[in-house]
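J.: Sharing coords-v2.cif (mmCIF, C-alpha atoms) below.
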data_start
loop_
_atom_site.label_atom_id
_atom_site.label_comp_id
_atom_site.auth_asym_id
_atom_site.auth_seq_id
_atom_site.Cartn_x
_atom_site.Cartn_y
_atom_site.Cartn_z
CA MET A 1 -38.88 36.22 48.81
CA ILE A 2 -41.14 35.59 45.82
CA ASN A 3 -42.42 38.79 44.22
CA ARG A 4 -44.06 40.20 41.09
CA ILE A 5 -41.41 42.80 40.26
CA ARG A 6 -40.44 41.16 36.95
CA VAL A 7 -44.10 41.01 35.83
CA LEU A 8 -44.82 44.60 36.90
CA ARG A 9 -41.64 45.78 35.20
CA ALA A 10 -42.72 44.07 31.97
CA GLU A 11 -46.17 45.70 32.23
CA HIS A 12 -44.50 49.11 32.38
CA ASP A 13 -42.07 48.12 29.63
CA TRP A 14 -39.11 49.16 31.77
CA SER A 15 -35.65 47.64 31.64
CA GLN A 16 -33.90 46.48 34.82
CA ALA A 17 -31.58 49.49 34.48
CA GLU A 18 -34.57 51.88 34.29
CA VAL A 19 -36.14 50.35 37.41
CA ALA A 20 -32.77 50.54 39.15
CA ASP A 21 -32.45 54.26 38.31
CA ARG A 22 -36.01 54.99 39.44
CA LEU A 23 -35.33 53.21 42.76
CA GLY A 24 -31.83 54.66 43.15
CA VAL A 25 -30.22 51.22 43.39
CA ALA A 26 -27.76 49.24 41.26
CA ARG A 27 -29.03 47.04 38.42
CA GLN A 28 -27.64 43.97 40.19
CA THR A 29 -30.00 44.79 43.10
CA VAL A 30 -32.98 44.60 40.74
CA VAL A 31 -31.59 41.30 39.37
CA ALA A 32 -31.38 39.81 42.89
CA LEU A 33 -34.82 41.17 43.85
CA GLU A 34 -36.49 39.72 40.75
CA ALA A 35 -34.81 36.36 41.31
CA GLY A 36 -36.23 36.33 44.84
CA LYS A 37 -32.68 35.99 46.19
CA TYR A 38 -32.83 39.20 48.18
CA ALA A 39 -35.62 40.48 50.43
CA PRO A 40 -35.52 44.29 50.47
CA SER A 41 -35.60 46.49 53.56
CA LEU A 42 -38.94 48.11 54.45
CA PRO A 43 -37.93 51.51 52.98
CA LEU A 44 -36.95 49.89 49.65
CA ALA A 45 -40.10 47.72 49.64
CA PHE A 46 -42.22 50.88 50.04
CA LYS A 47 -40.26 52.60 47.25
CA ILE A 48 -41.01 49.62 44.99
CA SER A 49 -44.66 49.78 46.03
CA LYS A 50 -44.82 53.49 45.19
CA LEU A 51 -43.03 52.99 41.86
CA PHE A 52 -45.52 50.39 40.63
CA GLY A 53 -48.54 51.96 42.37
CA LYS A 54 -49.42 48.72 44.18
CA PRO A 55 -49.54 47.86 47.89
CA VAL A 56 -46.50 45.98 49.22
CA GLU A 57 -48.54 42.81 49.86
CA GLU A 58 -49.59 42.72 46.21
CA ILE A 59 -45.95 42.77 45.10
CA PHE A 60 -44.33 40.51 47.71
CA ASP A 61 -45.67 37.14 48.79
CA PRO A 62 -45.43 37.10 52.60
CA GLU A 63 -45.88 33.31 52.64
CA SER A 64 -42.71 32.67 50.62
CA ALA A 65 -39.38 32.12 52.33
CA THR A 66 -36.56 34.64 51.93
CA MET B 67 -24.44 61.70 30.29
CA LYS B 68 -23.46 60.75 33.83
CA SER B 69 -26.08 58.83 35.80
CA SER B 70 -27.67 60.54 38.81
CA ASN B 71 -28.39 57.14 40.37
CA PRO B 72 -26.84 57.29 43.89
CA THR B 73 -25.19 53.88 43.45
CA ALA B 74 -23.59 54.98 40.17
CA ILE B 75 -22.31 58.13 41.91
CA ALA B 76 -20.99 55.94 44.77
CA ASN B 77 -19.16 53.74 42.23
CA ARG B 78 -17.59 56.73 40.47
CA ARG B 79 -16.46 58.35 43.74
CA TYR B 80 -15.07 55.03 44.96
CA LEU B 81 -12.99 54.62 41.79
CA VAL B 82 -11.69 58.20 42.02
CA GLU B 83 -10.82 57.83 45.72
CA MET B 84 -9.11 54.46 45.12
CA ALA B 85 -7.08 55.95 42.27
CA LEU B 86 -5.99 58.84 44.52
CA CYS B 87 -5.05 56.35 47.25
CA MET B 88 -2.93 54.35 44.78
CA VAL B 89 -1.14 57.53 43.65
CA ALA B 90 -0.54 58.47 47.32
CA TYR B 91 0.69 54.94 48.04
CA ILE B 92 3.31 55.08 45.29
CA ALA B 93 4.23 58.65 46.32
CA VAL B 94 4.97 57.43 49.87
CA LEU B 95 6.35 53.95 49.12
CA VAL B 96 9.03 54.94 46.59
CA PRO B 97 10.75 57.61 48.77
CA ALA B 98 10.38 55.35 51.83
CA ILE B 99 12.24 52.51 50.12
CA TRP B 100 14.81 54.99 48.77
CA LEU B 101 15.46 56.32 52.31
CA LEU B 102 15.67 52.82 53.83
CA ASP B 103 18.11 51.69 51.11
CA ARG B 104 20.35 54.63 51.97
CA GLY B 105 20.77 53.24 55.47
CA LEU B 106 18.48 55.52 57.45
CA THR B 107 18.96 54.67 61.14
CA GLY B 108 17.31 55.28 64.50
CA PRO B 109 13.60 55.57 65.32
CA LEU B 110 13.02 57.47 62.05
CA ARG B 111 13.88 54.27 60.15
CA PHE B 112 10.79 52.59 61.67
CA VAL B 113 8.58 55.63 61.05
CA VAL B 114 9.67 55.74 57.38
CA ALA B 115 9.27 51.95 57.00
CA ALA B 116 5.71 52.09 58.37
CA ALA B 117 4.72 55.27 56.48
CA PRO B 118 3.17 53.48 53.43
CA VAL B 119 0.47 52.12 55.73
CA VAL B 120 -1.05 55.64 55.90
CA PRO B 121 -2.36 55.57 52.29
CA VAL B 122 -3.51 51.99 52.94
CA VAL B 123 -5.62 53.33 55.81
CA PHE B 124 -7.14 55.74 53.29
CA VAL B 125 -7.94 52.76 51.03
CA PHE B 126 -10.07 51.29 53.80
CA LEU B 127 -11.62 54.70 54.48
CA ALA B 128 -12.58 54.82 50.78
CA VAL B 129 -14.23 51.39 51.19
CA LEU B 130 -16.03 52.69 54.29
CA ARG B 131 -17.26 55.77 52.43
CA TYR B 132 -18.41 53.58 49.54
CA PHE B 133 -20.26 51.43 52.09
CA GLY B 134 -22.12 54.50 53.31
CA ARG B 135 -23.04 55.69 49.81
CA THR B 136 -24.01 52.53 47.96
CA ASP B 137 -27.36 50.71 48.07
CA GLU B 138 -28.47 48.22 50.72
CA PHE B 139 -27.91 45.10 48.62
CA GLU B 140 -24.35 46.05 47.63
CA ARG B 141 -23.76 46.85 51.32
CA ARG B 142 -24.89 43.36 52.27
CA MET B 143 -22.69 41.75 49.59
CA LEU B 144 -19.72 43.82 50.75
CA LEU B 145 -20.22 42.78 54.39
CA GLU B 146 -20.76 39.12 53.52
CA SER B 147 -17.67 39.01 51.30
CA LEU B 148 -15.59 40.68 54.04
CA GLY B 149 -16.95 38.18 56.58
CA LEU B 150 -16.04 35.26 54.33
CA ALA B 151 -12.58 36.78 53.76
CA GLY B 152 -12.03 36.99 57.53
CA VAL B 153 -13.01 33.35 58.06
CA ILE B 154 -10.95 32.05 55.12
CA THR B 155 -7.90 34.11 56.23
CA ALA B 156 -8.18 32.88 59.82
CA LEU B 157 -8.40 29.27 58.65
CA LEU B 158 -5.46 29.67 56.24
CA ALA B 159 -3.33 31.37 58.92
CA ALA B 160 -4.17 28.72 61.54
CA THR B 161 -3.57 25.86 59.08
CA TYR B 162 -0.20 27.23 58.01
CA GLY B 163 0.69 27.93 61.67
CA PHE B 164 0.12 24.27 62.49
CA LEU B 165 2.08 23.18 59.41
CA GLU B 166 5.01 25.28 60.66
CA ASN B 167 5.08 22.90 63.65
CA ALA B 168 5.71 20.12 61.13
CA GLY B 169 8.68 21.95 59.64
CA LEU B 170 7.36 24.32 56.97
CA PRO B 171 9.31 27.62 56.87
CA HIS B 172 8.09 30.59 58.94
CA LEU B 173 6.23 33.07 56.72
CA SER B 174 6.22 36.86 56.78
CA ALA B 175 3.18 38.72 58.18
CA TRP B 176 2.56 39.72 54.55
CA PHE B 177 1.12 36.23 54.13
CA THR B 178 -2.04 37.23 56.02
CA TRP B 179 -2.38 40.45 54.00
CA ALA B 180 -2.17 38.57 50.71
CA ALA B 181 -4.46 35.84 52.06
CA PHE B 182 -7.04 38.41 53.14
CA MET B 183 -7.03 40.28 49.83
CA GLY B 184 -7.25 37.01 47.87
CA SER B 185 -10.00 35.71 50.17
CA TRP B 186 -11.93 38.95 49.79
CA LEU B 187 -11.99 38.43 46.02
CA ILE B 188 -12.99 34.77 46.43
CA GLY B 189 -15.64 35.80 48.99
CA ARG B 190 -17.03 38.34 46.55
CA LEU B 191 -17.26 35.71 43.79
CA ILE B 192 -19.04 33.28 46.14
CA VAL B 193 -21.51 35.96 47.31
CA SER B 194 -22.19 37.18 43.74
CA ARG B 195 -22.79 33.61 42.61
CA TYR B 196 -25.12 32.98 45.54
CA TYR B 197 -27.28 36.00 44.68
CA GLY B 198 -27.06 35.33 40.94
CA THR B 199 -25.72 38.81 40.09
#
Could you quickly redo this structure as structure tokens?

T.:
Amino acid sequence: MINRIRVLRAEHDWSQAEVADRLGVARQTVVALEAGKYAPSLPLAFKISKLFGKPVEEIFDPESAT
Amino acid sequence: MKSSNPTAIANRRYLVEMALCMVAYIAVLVPAIWLLDRGLTGPLRFVVAAAPVVPVVFVFLAVLRYFGRTDEFERRMLLESLGLAGVITALLAATYGFLENAGLPHLSAWFTWAAFMGSWLIGRLIVSRYYGT
């Protein structure tokens, strides 16, 4: 699923490891999320939304395939 | 400083539990072989021979505990790699079973154990490559 995590992360000047720690996931999970290779569960999607202060639909493109 | 990230904690605990399982495995295997070599007989011989499987059960319990502690993506990769390992092992076992009909020597049940462990590693590499991690 296409998303803006990489862009939002760059805006906050956070590394993948920092985002991983803030979300409580492994760095490889952030790698797969950013690459659009993995669509997160609803709880993780809402955590990401809260972390970046943006609604879920502004981070994830619902039109894109998984 | 140690990370408080739950997945990092899960990794550390998994490594510690696996190390303990390996120590327990050696601690059971060595005396079991020693007893069998000294000609232990009767039903106890079978109990002693099978005893090293107990720490192996704990290895899988450690994997199960890791599964419960790690994050959702690692959980998915673990399940997918185990699924691939099951399919590859079944195909290898069936293929070799058919080849035995053609005259290849009968293999020990250890063949499936080794095939599963090897396939699990291959499955993990395939899954990691697929997700680009």

J.: Please identify all polymer residues within 10 Å of B:Ala74, counting only C-alpha atoms, omitting same-chain residues fewer than 5 positions from it, and present them as a list in words.

T.: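 Near B:Ala74, the qualifying residues are Asp21, Gly24, Val25, Ala26 and Arg27 of chain A; Lys68, Ser69, Arg79, Tyr80, Arg135, Thr136 and Asp137 of chain B.
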
J.: Quick one: apply the PyMOL selection byres ((chain A) within 9 of (chain B)) to the file and drop the selected residues here as a VMD selection string.

T.: chain A and resid 20 to 26 28 to 29 31 to 32 35 to 38 40 to 41 44

J.: Starting from the displayed file, determine the output of the PyMOL selection byres ((chain B and resi 183) around 12) and express the residue list as a PDB file with C-alpha atoms, in the coordinates of the input.

T.:
ATOM      1  CA  SER B 147     -17.670  39.010  51.300  1.00  0.00           C
ATOM      2  CA  LEU B 148     -15.590  40.680  54.040  1.00  0.00           C
ATOM      3  CA  LEU B 150     -16.040  35.260  54.330  1.00  0.00           C
ATOM      4  CA  ALA B 151     -12.580  36.780  53.760  1.00  0.00           C
ATOM      5  CA  GLY B 152     -12.030  36.990  57.530  1.00  0.00           C
ATOM      6  CA  ILE B 154     -10.950  32.050  55.120  1.00  0.00           C
ATOM      7  CA  THR B 155      -7.900  34.110  56.230  1.00  0.00           C
ATOM      8  CA  TRP B 176       2.560  39.720  54.550  1.00  0.00           C
ATOM      9  CA  PHE B 177       1.120  36.230  54.130  1.00  0.00           C
ATOM     10  CA  THR B 178      -2.040  37.230  56.020  1.00  0.00           C
ATOM     11  CA  TRP B 179      -2.380  40.450  54.000  1.00  0.00           C
ATOM     12  CA  ALA B 180      -2.170  38.570  50.710  1.00  0.00           C
ATOM     13  CA  ALA B 181      -4.460  35.840  52.060  1.00  0.00           C
ATOM     14  CA  PHE B 182      -7.040  38.410  53.140  1.00  0.00           C
ATOM     15  CA  GLY B 184      -7.250  37.010  47.870  1.00  0.00           C
ATOM     16  CA  SER B 185     -10.000  35.710  50.170  1.00  0.00           C
ATOM     17  CA  TRP B 186     -11.930  38.950  49.790  1.00  0.00           C
ATOM     18  CA  LEU B 187     -11.990  38.430  46.020  1.00  0.00           C
ATOM     19  CA  ILE B 188     -12.990  34.770  46.430  1.00  0.00           C
ATOM     20  CA  GLY B 189     -15.640  35.800  48.990  1.00  0.00           C
ATOM     21  CA  ARG B 190     -17.030  38.340  46.550  1.00  0.00           C
TER      22      ARG B 190
END

J.: From the set A:Lys47, A:Ala39, A:Phe60, A:Gly53, which residue has the shortest atom-to-atom contact distance to A:Ile5, counting only C-alpha atoms?

T.: A:Phe60

J.: What is the atom CA of A:His12-atom CA of A:Ser49 distance in Å, reported with one decimal?

T.: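 Interatomic distance, atom CA of A:His12 to atom CA of A:Ser49: 13.7 Å.
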
J.: Suppose you want the space between atom CA of B:Ile99 and atom CA of B:Val120; what is it in Å?

T.: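 Atom-to-atom, atom CA of B:Ile99 and atom CA of B:Val120 are spaced 14.8 Å apart.
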
J.: I'd like to see the residues matched by the PyMOL selection byres ((chain A and resi 8) around 12) on this file, and ideally I'd get them as a PyMOL selection string.

T.: chain A and resi 3-7+9-16+19+34+48-49+51-54+58-60

J.: Could you check how far atom CA of B:Pro109 sits from atom CA of B:Pro97, in Å to one decimal?

T.: 16.9 Å

J.: Choose the residue, out of B:Ala156, B:Cys87, B:Leu173, B:Ala115, that has the smallest atom-to-atom separation from B:Trp100; count all atoms listed in the file.

T.: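 Of B:Ala156, B:Cys87, B:Leu173, B:Ala115, the one nearest B:Trp100 is B:Ala115, counting all atoms listed in the file.
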
J.: So that I can check the surroundings of stretch 127-132 of chain B, please list as a short mmCIF file (atom, residue, chain, number, x, y, z; two decimals) with C-alpha atoms, in the frame of the given file every protein, DNA and RNA residue that reaches within 7 Å of it, counting only C-alpha atoms and ignoring chain neighbours fewer than 5 positions away.

T.:
data_model
loop_
_atom_site.label_atom_id
_atom_site.label_comp_id
_atom_site.auth_asym_id
_atom_site.auth_seq_id
_atom_site.Cartn_x
_atom_site.Cartn_y
_atom_site.Cartn_z
CA ALA B 76 -20.99 55.94 44.77
CA TYR B 80 -15.07 55.03 44.96
CA GLU B 83 -10.82 57.83 45.72
CA MET B 84 -9.11 54.46 45.12
#

J.: Using only C-alpha atoms, can you tell me which of B:Val125, B:Ala168, B:Ile192, B:Ala175 comes closest to B:Met88?

T.: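 Closest to B:Met88 of all the choices is B:Val125.
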